[in-house]
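Below is the file model_17.csv, which contains CSV, C-alpha atoms.
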chain,number,residue,atom,x,y,z
A,1434,MET,CA,7.5,-8.1,100.8
A,1435,ILE,CA,4.2,-6.3,101.7
A,1436,ARG,CA,2.5,-6.4,105.0
A,1437,PRO,CA,-1.3,-6.2,104.2
A,1438,GLN,CA,-3.8,-4.5,106.5
A,1439,TYR,CA,-6.9,-5.2,104.5
A,1440,PHE,CA,-6.2,-8.7,103.1
A,1441,TYR,CA,-9.0,-10.8,101.7
A,1442,PRO,CA,-9.3,-13.1,98.7
A,1443,ASN,CA,-9.9,-10.8,95.8
A,1444,PRO,CA,-13.3,-11.3,94.1
A,1445,ASP,CA,-12.0,-9.6,90.9
A,1446,THR,CA,-9.5,-12.4,90.4
A,1447,ALA,CA,-11.6,-15.4,91.5
A,1448,VAL,CA,-13.0,-15.8,87.9
A,1449,ASP,CA,-9.8,-17.4,86.7
A,1450,ASN,CA,-7.9,-18.3,89.8
A,1451,ALA,CA,-9.1,-21.8,90.7
A,1452,TYR,CA,-6.8,-21.9,93.7
A,1453,GLN,CA,-8.7,-19.2,95.7
A,1454,LYS,CA,-10.7,-20.4,98.6
A,1455,GLN,CA,-13.7,-19.1,100.5
A,1456,VAL,CA,-13.1,-16.6,103.3
A,1457,PRO,CA,-13.6,-18.2,106.7
A,1458,ASP,CA,-16.9,-17.2,108.4
A,1459,GLU,CA,-15.3,-14.6,110.7
A,1460,ASP,CA,-14.8,-10.9,111.1
A,1461,PRO,CA,-12.9,-9.7,108.0
A,1462,GLU,CA,-10.6,-7.7,110.4
A,1463,GLU,CA,-9.6,-11.0,112.0
A,1464,THR,CA,-8.7,-12.5,108.6
A,1465,ALA,CA,-6.6,-9.5,107.7
A,1466,LYS,CA,-4.9,-9.5,111.1
A,1467,ARG,CA,-3.9,-13.2,110.7
A,1468,ALA,CA,-2.6,-12.5,107.2
A,1469,SER,CA,-0.5,-9.6,108.5
A,1470,SER,CA,0.9,-11.8,111.2
A,1471,GLU,CA,1.8,-14.5,108.7
A,1472,VAL,CA,3.8,-11.9,106.7
A,1473,ASP,CA,5.7,-10.9,109.8
A,1474,HIS,CA,6.4,-14.6,110.5
A,1475,VAL,CA,7.9,-15.1,107.0
A,1476,ALA,CA,10.0,-11.9,107.2
A,1477,GLU,CA,11.3,-12.9,110.7
A,1478,VAL,CA,12.3,-16.5,109.6
A,1479,LEU,CA,14.0,-15.3,106.4
A,1480,ARG,CA,16.0,-12.7,108.3
A,1481,GLU,CA,17.0,-15.3,110.8
A,1482,LYS,CA,18.4,-17.2,107.8
A,1483,GLN,CA,20.3,-14.0,106.8
A,1484,ILE,CA,18.1,-13.2,103.9
A,1485,ARG,CA,17.8,-9.4,103.4
A,1486,VAL,CA,14.1,-8.5,103.5
A,1487,HIS,CA,12.5,-5.1,102.6
A,1488,LEU,CA,9.1,-5.1,104.3
A,1489,PHE,CA,6.6,-2.4,103.2
A,1490,GLU,CA,3.3,-1.5,104.9
A,1491,ASP,CA,0.1,-1.5,102.8
A,1492,THR,CA,-2.5,0.8,104.4
A,1493,ARG,CA,-5.0,0.9,101.5
A,1494,ASN,CA,-8.3,-1.0,101.7
A,1495,GLU,CA,-8.6,-1.3,97.9
A,1496,THR,CA,-5.6,-3.6,97.2
A,1497,PRO,CA,-6.6,-7.0,98.6
A,1498,ASP,CA,-3.8,-8.8,96.8
A,1499,SER,CA,-1.0,-6.4,97.7
A,1500,VAL,CA,0.7,-9.2,99.6
A,1501,PHE,CA,1.8,-10.6,96.2
A,1502,PRO,CA,4.2,-7.9,94.8
A,1503,ASN,CA,6.0,-10.1,92.4
A,1504,ASN,CA,3.2,-9.7,89.9
A,1505,TRP,CA,3.7,-5.9,89.3
A,1506,PHE,CA,7.5,-5.6,89.2
A,1507,SER,CA,10.7,-7.6,88.8
A,1508,THR,CA,14.4,-6.8,89.0
A,1509,HIS,CA,17.2,-8.1,86.8
A,1510,PRO,CA,21.0,-8.2,86.9
A,1511,GLY,CA,22.7,-5.3,85.3
A,1512,GLY,CA,20.4,-2.8,87.0
A,1513,HIS,CA,17.1,-3.4,85.2
A,1514,ILE,CA,13.5,-3.2,86.6
A,1515,ALA,CA,10.3,-4.1,84.8
A,1516,ILE,CA,6.9,-2.9,85.7
A,1517,TYR,CA,4.0,-5.0,84.4
A,1518,PRO,CA,0.4,-4.6,83.1
A,1519,MET,CA,-2.1,-6.3,85.4
A,1520,PHE,CA,-5.3,-8.1,84.4
A,1521,SER,CA,-7.5,-7.0,87.3
A,1522,ALA,CA,-8.2,-3.3,87.7
A,1523,ASN,CA,-7.9,-3.3,91.4
A,1524,ARG,CA,-4.5,-4.9,91.2
A,1525,ARG,CA,-3.1,-2.0,89.2
A,1526,ARG,CA,-3.3,0.1,92.4
A,1527,GLU,CA,-0.6,-2.1,93.9
A,1528,ARG,CA,2.1,-0.4,91.9
A,1529,ARG,CA,4.1,1.9,94.2
A,1530,GLN,CA,6.6,4.6,93.4
A,1531,ASP,CA,8.1,4.4,97.0
A,1532,ILE,CA,9.2,0.9,96.4
A,1533,ILE,CA,10.9,1.8,93.1
A,1534,ASP,CA,12.5,4.8,94.8
A,1535,MET,CA,13.8,2.5,97.6
A,1536,LEU,CA,15.3,0.2,95.0
A,1537,LYS,CA,17.0,3.1,93.2
A,1538,ALA,CA,18.4,4.4,96.5
A,1539,GLU,CA,19.8,1.1,97.8
A,1540,TYR,CA,20.7,-0.7,94.6
A,1541,HIS,CA,22.3,0.2,91.2
A,1542,VAL,CA,19.4,0.8,88.8
A,1543,GLN,CA,20.2,1.6,85.2
A,1544,ASP,CA,16.7,1.7,83.6
A,1545,ILE,CA,13.1,0.9,84.2
A,1546,MET,CA,11.0,-0.8,81.5
A,1547,ASP,CA,7.3,0.1,82.2
A,1548,TYR,CA,4.9,-2.1,80.3
A,1549,SER,CA,1.8,-0.9,82.3
A,1550,GLY,CA,0.6,1.1,79.4
A,1551,LEU,CA,-0.3,-2.1,77.6
A,1552,GLU,CA,-3.4,-2.3,79.9
A,1553,PHE,CA,-5.1,0.2,77.6
A,1554,ASP,CA,-4.9,-2.4,74.8
A,1555,ASP,CA,-6.0,-5.3,77.1
A,1556,LEU,CA,-2.5,-6.8,77.0
A,1557,TYR,CA,-1.4,-8.3,80.3
A,1558,LEU,CA,1.8,-9.9,81.7
A,1559,GLU,CA,1.8,-10.3,85.4
A,1560,GLY,CA,5.5,-10.4,86.1
A,1561,THR,CA,7.1,-13.5,87.6
A,1562,GLY,CA,3.7,-14.9,88.3
A,1563,ALA,CA,3.0,-15.1,84.6
A,1564,MET,CA,6.6,-16.1,83.8
A,1565,VAL,CA,9.0,-18.5,85.5
A,1566,LEU,CA,12.4,-17.2,84.4
A,1567,ASP,CA,15.5,-19.4,83.9
A,1568,HIS,CA,18.0,-16.7,84.6
A,1569,ILE,CA,20.9,-18.9,83.6
A,1570,GLU,CA,19.6,-20.2,80.2
A,1571,ARG,CA,17.5,-17.1,79.5
A,1572,VAL,CA,14.2,-18.9,79.0
A,1573,ALA,CA,10.8,-17.5,80.0
A,1574,TYR,CA,8.5,-20.4,80.7
A,1575,THR,CA,4.9,-19.2,80.4
A,1576,ALA,CA,1.5,-20.8,80.8
A,1577,GLU,CA,-0.9,-19.2,78.4
A,1578,SER,CA,-3.7,-17.4,80.3
A,1579,ASN,CA,-5.6,-14.1,80.6
A,1580,ARG,CA,-2.6,-12.8,82.5
A,1581,ALA,CA,0.1,-13.7,80.0
A,1582,ASN,CA,-0.5,-12.2,76.6
A,1583,PRO,CA,1.9,-13.4,73.9
A,1584,ILE,CA,2.5,-9.9,72.5
A,1585,ALA,CA,3.4,-8.6,76.0
A,1586,LEU,CA,5.6,-11.7,76.5
A,1587,GLU,CA,7.4,-11.1,73.2
A,1588,ARG,CA,8.1,-7.5,74.2
A,1589,PHE,CA,9.6,-8.5,77.6
A,1590,CYS,CA,11.7,-11.2,76.0
A,1591,ALA,CA,13.0,-8.9,73.3
A,1592,HIS,CA,14.0,-6.2,75.9
A,1593,PHE,CA,15.5,-8.6,78.5
A,1594,ASN,CA,17.0,-11.2,76.1
A,1595,TYR,CA,14.9,-14.2,77.1
A,1596,GLU,CA,13.6,-16.9,74.8
A,1597,PRO,CA,9.8,-17.3,75.3
A,1598,MET,CA,8.6,-20.9,75.9
A,1599,ALA,CA,4.9,-20.8,76.2
A,1600,PHE,CA,2.5,-23.7,76.6
A,1601,GLU,CA,-1.2,-24.4,77.1
A,1602,THR,CA,-2.4,-25.8,80.4
A,1603,ARG,CA,-5.6,-27.2,81.8
A,1604,ASP,CA,-6.4,-28.2,85.4
A,1605,GLU,CA,-8.9,-31.0,86.3
A,1606,SER,CA,-11.8,-28.6,85.8
A,1607,GLY,CA,-10.7,-27.7,82.3
A,1608,SER,CA,-9.4,-24.2,83.3
A,1609,ALA,CA,-6.1,-22.7,82.3
A,1610,VAL,CA,-3.6,-22.2,85.1
A,1611,TYR,CA,-3.7,-18.5,85.9
A,1612,HIS,CA,0.0,-18.1,86.8
A,1613,THR,CA,2.9,-20.2,85.7
A,1614,ASN,CA,4.6,-19.9,89.1
A,1615,VAL,CA,1.8,-21.9,90.7
A,1616,MET,CA,2.8,-24.9,88.6
A,1617,MET,CA,6.6,-24.7,88.4
A,1618,SER,CA,9.7,-23.3,90.0
A,1619,ILE,CA,13.3,-23.4,88.7
A,1620,GLY,CA,16.3,-23.6,91.1
A,1621,SER,CA,20.0,-23.7,90.4
A,1622,ALA,CA,20.1,-27.5,90.4
A,1623,PHE,CA,16.5,-28.6,90.1
A,1624,ALA,CA,13.1,-27.7,88.8
A,1625,VAL,CA,9.7,-28.7,90.1
A,1626,VAL,CA,7.0,-28.9,87.4
A,1627,GLY,CA,3.3,-29.8,87.3
A,1628,THR,CA,3.7,-31.7,84.0
A,1629,GLU,CA,0.2,-33.1,84.1
A,1630,LEU,CA,-1.2,-29.6,83.5
A,1631,ILE,CA,0.6,-29.2,80.2
A,1632,ILE,CA,-2.0,-30.6,77.8
A,1633,ASN,CA,0.1,-31.1,74.7
A,1634,ARG,CA,2.3,-34.1,75.3
A,1635,LYS,CA,5.0,-33.0,72.8
A,1636,ARG,CA,5.2,-29.6,74.4
A,1637,ARG,CA,5.3,-31.2,77.8
A,1638,ASP,CA,8.3,-33.3,76.8
A,1639,GLU,CA,10.0,-30.2,75.3
A,1640,VAL,CA,9.7,-28.4,78.6
A,1641,VAL,CA,11.0,-31.3,80.6
A,1642,ASN,CA,13.8,-32.0,78.1
A,1643,ARG,CA,14.8,-28.3,78.0
A,1644,LEU,CA,15.1,-28.2,81.8
A,1645,GLN,CA,17.0,-31.5,81.9
A,1646,SER,CA,19.4,-30.3,79.3
A,1647,THR,CA,20.6,-27.6,81.7
A,1648,GLY,CA,21.7,-30.4,84.1
A,1649,ARG,CA,18.8,-29.7,86.5
A,1650,GLU,CA,17.0,-32.6,88.2
A,1651,VAL,CA,13.3,-32.3,87.2
A,1652,ILE,CA,10.8,-33.3,89.9
A,1653,GLU,CA,7.3,-33.8,88.5
A,1654,LEU,CA,4.4,-32.8,90.6
A,1655,SER,CA,0.8,-34.0,90.4
A,1656,ASN,CA,-2.2,-31.8,89.8
A,1657,HIS,CA,-3.2,-32.5,93.5
A,1658,GLN,CA,0.2,-31.3,94.7
A,1659,ILE,CA,-0.1,-28.2,92.5
A,1660,GLY,CA,-3.4,-27.4,94.2
A,1661,LEU,CA,-1.5,-27.5,97.5
A,1662,PHE,CA,1.1,-25.0,96.2
A,1663,ALA,CA,3.9,-27.5,96.0
A,1664,GLY,CA,5.0,-25.7,92.8
A,1665,ASN,CA,4.8,-22.2,94.3
A,1666,VAL,CA,8.2,-22.2,95.9
A,1667,LEU,CA,11.3,-20.1,95.5
A,1668,GLU,CA,15.1,-20.7,95.8
A,1669,LEU,CA,16.8,-18.0,97.9
A,1670,SER,CA,20.5,-17.3,98.4
A,1671,SER,CA,22.0,-16.9,101.9
A,1672,PRO,CA,25.5,-16.6,103.1
A,1673,ASP,CA,25.3,-20.2,104.2
A,1674,GLY,CA,24.0,-21.6,100.9
A,1675,ARG,CA,20.8,-22.0,99.0
A,1676,LEU,CA,17.4,-22.2,100.7
A,1677,LEU,CA,14.0,-23.3,99.4
A,1678,ALA,CA,11.2,-21.2,100.8
A,1679,LEU,CA,7.9,-23.1,100.7
A,1680,SER,CA,4.7,-23.2,102.7
A,1681,ARG,CA,3.7,-25.8,105.3
A,1682,THR,CA,0.9,-26.8,102.9
A,1683,ALA,CA,3.4,-27.3,100.1
A,1684,TYR,CA,5.9,-29.2,102.3
A,1685,ASP,CA,3.2,-31.6,103.5
A,1686,ALA,CA,2.1,-32.2,99.9
A,1687,LEU,CA,5.5,-33.5,98.8
A,1688,THR,CA,6.2,-37.2,99.0
A,1689,GLY,CA,9.1,-38.5,101.1
A,1690,MET,CA,11.0,-39.3,97.9
A,1691,GLN,CA,10.5,-35.8,96.5
A,1692,ARG,CA,11.7,-34.2,99.7
A,1693,THR,CA,14.8,-36.5,99.6
A,1694,LEU,CA,15.5,-35.5,96.0
A,1695,LEU,CA,15.2,-31.8,96.8
A,1696,GLU,CA,17.2,-32.0,100.0
A,1697,ARG,CA,20.2,-33.2,97.9
A,1698,HIS,CA,20.3,-29.7,96.4
A,1699,ILE,CA,18.9,-27.3,98.9
A,1700,GLU,CA,17.7,-26.7,102.5
A,1701,PHE,CA,14.0,-26.3,103.2
A,1702,VAL,CA,12.6,-23.3,105.0
A,1703,VAL,CA,9.0,-24.2,105.8
A,1704,LEU,CA,6.6,-21.3,106.5
A,1705,ASP,CA,3.1,-21.3,107.9
A,1706,ILE,CA,0.8,-19.0,105.7
A,1707,PRO,CA,-2.6,-20.7,105.6
A,1708,THR,CA,-4.6,-17.4,105.6
A,1709,ILE,CA,-2.6,-15.9,102.7
A,1710,GLU,CA,-3.1,-19.1,100.7
A,1711,LEU,CA,-6.8,-18.5,100.7
A,1712,ALA,CA,-6.1,-15.8,98.1
A,1713,GLY,CA,-4.8,-18.5,95.6
A,1714,GLY,CA,-1.1,-17.9,96.0
A,1715,SER,CA,1.6,-19.0,98.3
A,1716,ILE,CA,5.1,-18.2,99.4
A,1717,ARG,CA,6.7,-17.6,96.0
A,1718,CYS,CA,4.0,-15.0,95.1
A,1719,MET,CA,4.8,-13.1,98.3
A,1720,LEU,CA,8.5,-12.6,97.5
A,1721,ALA,CA,9.6,-10.1,94.8
A,1722,GLY,CA,13.2,-11.1,94.3
A,1723,ILE,CA,16.0,-8.6,94.1
A,1724,HIS,CA,18.6,-9.3,91.4
A,1725,LEU,CA,20.3,-5.9,91.6
A,1726,ALA,CA,23.8,-4.9,92.9
A,1727,ARG,CA,23.7,-3.1,96.2
A,1728,ARG,CA,25.2,0.4,96.5
A,1729,SER,CA,28.3,0.5,98.6
Can you turn what I pasted into structure tokens?
Amino acid sequence: MIRPQYFYPNPDTAVDNAYQKQVPDEDPEETAKRASSEVDHVAEVLREKQIRVHLFEDTRNETPDSVFPNNWFSTHPGGHIAIYPMFSANRRRERRQDIIDMLKAEYHVQDIMDYSGLEFDDLYLEGTGAMVLDHIERVAYTAESNRANPIALERFCAHFNYEPMAFETRDESGSAVYHTNVMMSIGSAFAVVGTELIINRKRRDEVVNRLQSTGREVIELSNHQIGLFAGNVLELSSPDGRLLALSRTAYDALTGMQRTLLERHIEFVVLDIPTIELAGGSIRCMLAGIHLARRS
């Protein structure tokens, strides 16, 4: 996780992120201070749930989206790290060698696949924002967008042994969903999916059927619920079992039946992050998961 000091909704990403909101009419320092406090709140709650959290400080005023590190790197079992090409120029500054060095020092890292050079060819793939990975079945679910180029996707899938499953999306305004992880999340025993956003009915059915074929319970979310970040959630593992990290906004958007269905599989961890959600992302975007083996 990254604690931001100069947080604000990024004007460079507003063009294709329909979920960004206007900044409150207040001193920008106050907005940034509230975002920083929300990160501390999330880290504290997760640690209370015995989740190991690495929290880094961001002191740069030119990385407004640094609170969302899952877009520029991901980790994978077997000691693999991927570094990704970013669509917005000011987001490329988020990549940090000190974070990679920490991972290499505390976990077994065999290799690093760096795709950031694809930016010179205008090819982008923004990590586990652009892709929602089924780690068990090895499928990379990907909403087509400016931030998920098919060539970059094919390269990642070839290197990491995933099957690409791309689909076209449109929200109510006719815009493509900017990141797949806004509209779907895959847990061990369930998946939540904004099926209304997948415009090709046949492809929509293929996505749902593929998830159901793994034995997961598929819970469909409406466009309205996606707009309230009900799809931007993440399953975490703790010593006491599986946890579902989600924002207060997302939790309130779920129906009683949806909550009941999810609670059959997982325990909710509800987190208050209204300031950070102004930037068009929620709790899943804030968490760069670690799938590496710790050094003894």
Best match for closeness to Tyr1595 of chain A among A:His1698, A:Arg1649, A:Lys1537, A:His1509, counting only C-alpha atoms: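 Answer, going by the shortest atom-to-atom distance: A:His1509.
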Within-9 Å shell of (0.7, -17.8, 85.3) in input frame, only C-alpha atoms, as a ChimeraX atom specification: /A:1558-1565,1575-1581,1609-1616
Coordinates-based distance that separates atom CA of Leu1644 of chain A from atom CA of Val1702 of chain A (Å, one decimal): 23.8 Å
Point-to-point distance from atom CA of Phe1701 of chain A to atom CA of Arg1467 of chain A, Å rounded to tenths: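 A separation of 23.4 Å between them.
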Would you tabulate, counting all atoms listed in the file, all residues of segment 1546-1568 of chain A that have an atom at most 12 Å from an atom of segment 1526-1534 of chain A, showing the closest pair of atoms and their distance in Å to one decimal, sorted by chain then ascending number, as a tab-separated table?
residue	atom	partner	partner_atom	distance
A:Met1546	CA	A:Ile1533	CA	11.9
A:Asp1547	CA	A:Arg1528	CA	11.0
A:Ser1549	CA	A:Arg1528	CA	9.6
A:Glu1559	CA	A:Arg1528	CA	11.8
Output of the above residues as a PDB file, in the frame of the given file, restricted to C-alpha atoms:
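The file below, selection_8.pdb, is the result:
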ATOM      1  CA  MET A1546      11.000  -0.800  81.500  1.00  0.00           C
ATOM      2  CA  ASP A1547       7.300   0.100  82.200  1.00  0.00           C
ATOM      3  CA  SER A1549       1.800  -0.900  82.300  1.00  0.00           C
ATOM      4  CA  GLU A1559       1.800 -10.300  85.400  1.00  0.00           C
TER       5      GLU A1559
END
Residue neighbourhood Leu1669 of chain A, 10 Å, all atoms listed in the file, exclusion window fewer than 2 positions, as a list in words: Leu1479, Ile1484, Gly1620, Ser1621, Val1666, Leu1667, Ser1671, Gly1674, Arg1675, Leu1676, Leu1677, Ala1678, Ile1699, Glu1700, Val1702, Leu1720 and Gly1722 of chain A
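Shortest separation to Asp1638 of chain A among A:Ile1723, A:Ala1465, A:Val1626, A:Ile1584 occurs at residue A:Val1626, atoms counted being all atoms listed in the file.
In this comparison, which uses all atoms listed in the file, the residue of A:Arg1643, A:Arg1692, A:His1513, A:Arg1485 approaching Ala1573 of chain A most closely is A:Arg1643.
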Coordinates-based distance that separates atom CA of Asn1665 of chain A from atom CA of Arg1637 of chain A (Å, one decimal):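 Answer for the atom CA of Arg1637 of chain A to atom CA of Asn1665 of chain A separation: 18.8 Å.
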Contacts of Leu1654 of chain A at 7 Å (all atoms listed in the file; same-chain gap of 4+ positions) as a list in words: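 The neighbour list is Val1625, Val1626, Gly1627, Thr1628, Gln1658 and Ile1659 of chain A.
Compared by their closest atoms to Pro1461 of chain A, and using only C-alpha atoms, the residues A:Pro1442, A:Gly1550, A:Gly1648, A:Pro1707 rank with A:Pro1442 nearest.
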Using only C-alpha atoms: which of A:Val1475, A:Ala1451, A:Ala1624, A:Met1617 has the shortest distance to Asp1705 of chain A: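 That would be A:Val1475, the residue with the smallest distance to Asp1705 of chain A.
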Polymer residues at most 10 Å from Phe1440 of chain A, all atoms listed in the file, same-chain spacing of 4 or more positions, as number ranges by chain: A: 1436, 1461-1469, 1491, 1493-1500, 1708-1709, 1712
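Compared by their closest atoms to Ile1631 of chain A, and using only C-alpha atoms, the residues A:Phe1600, A:Ile1435, A:His1541, A:Ser1655 rank with A:Phe1600 nearest.
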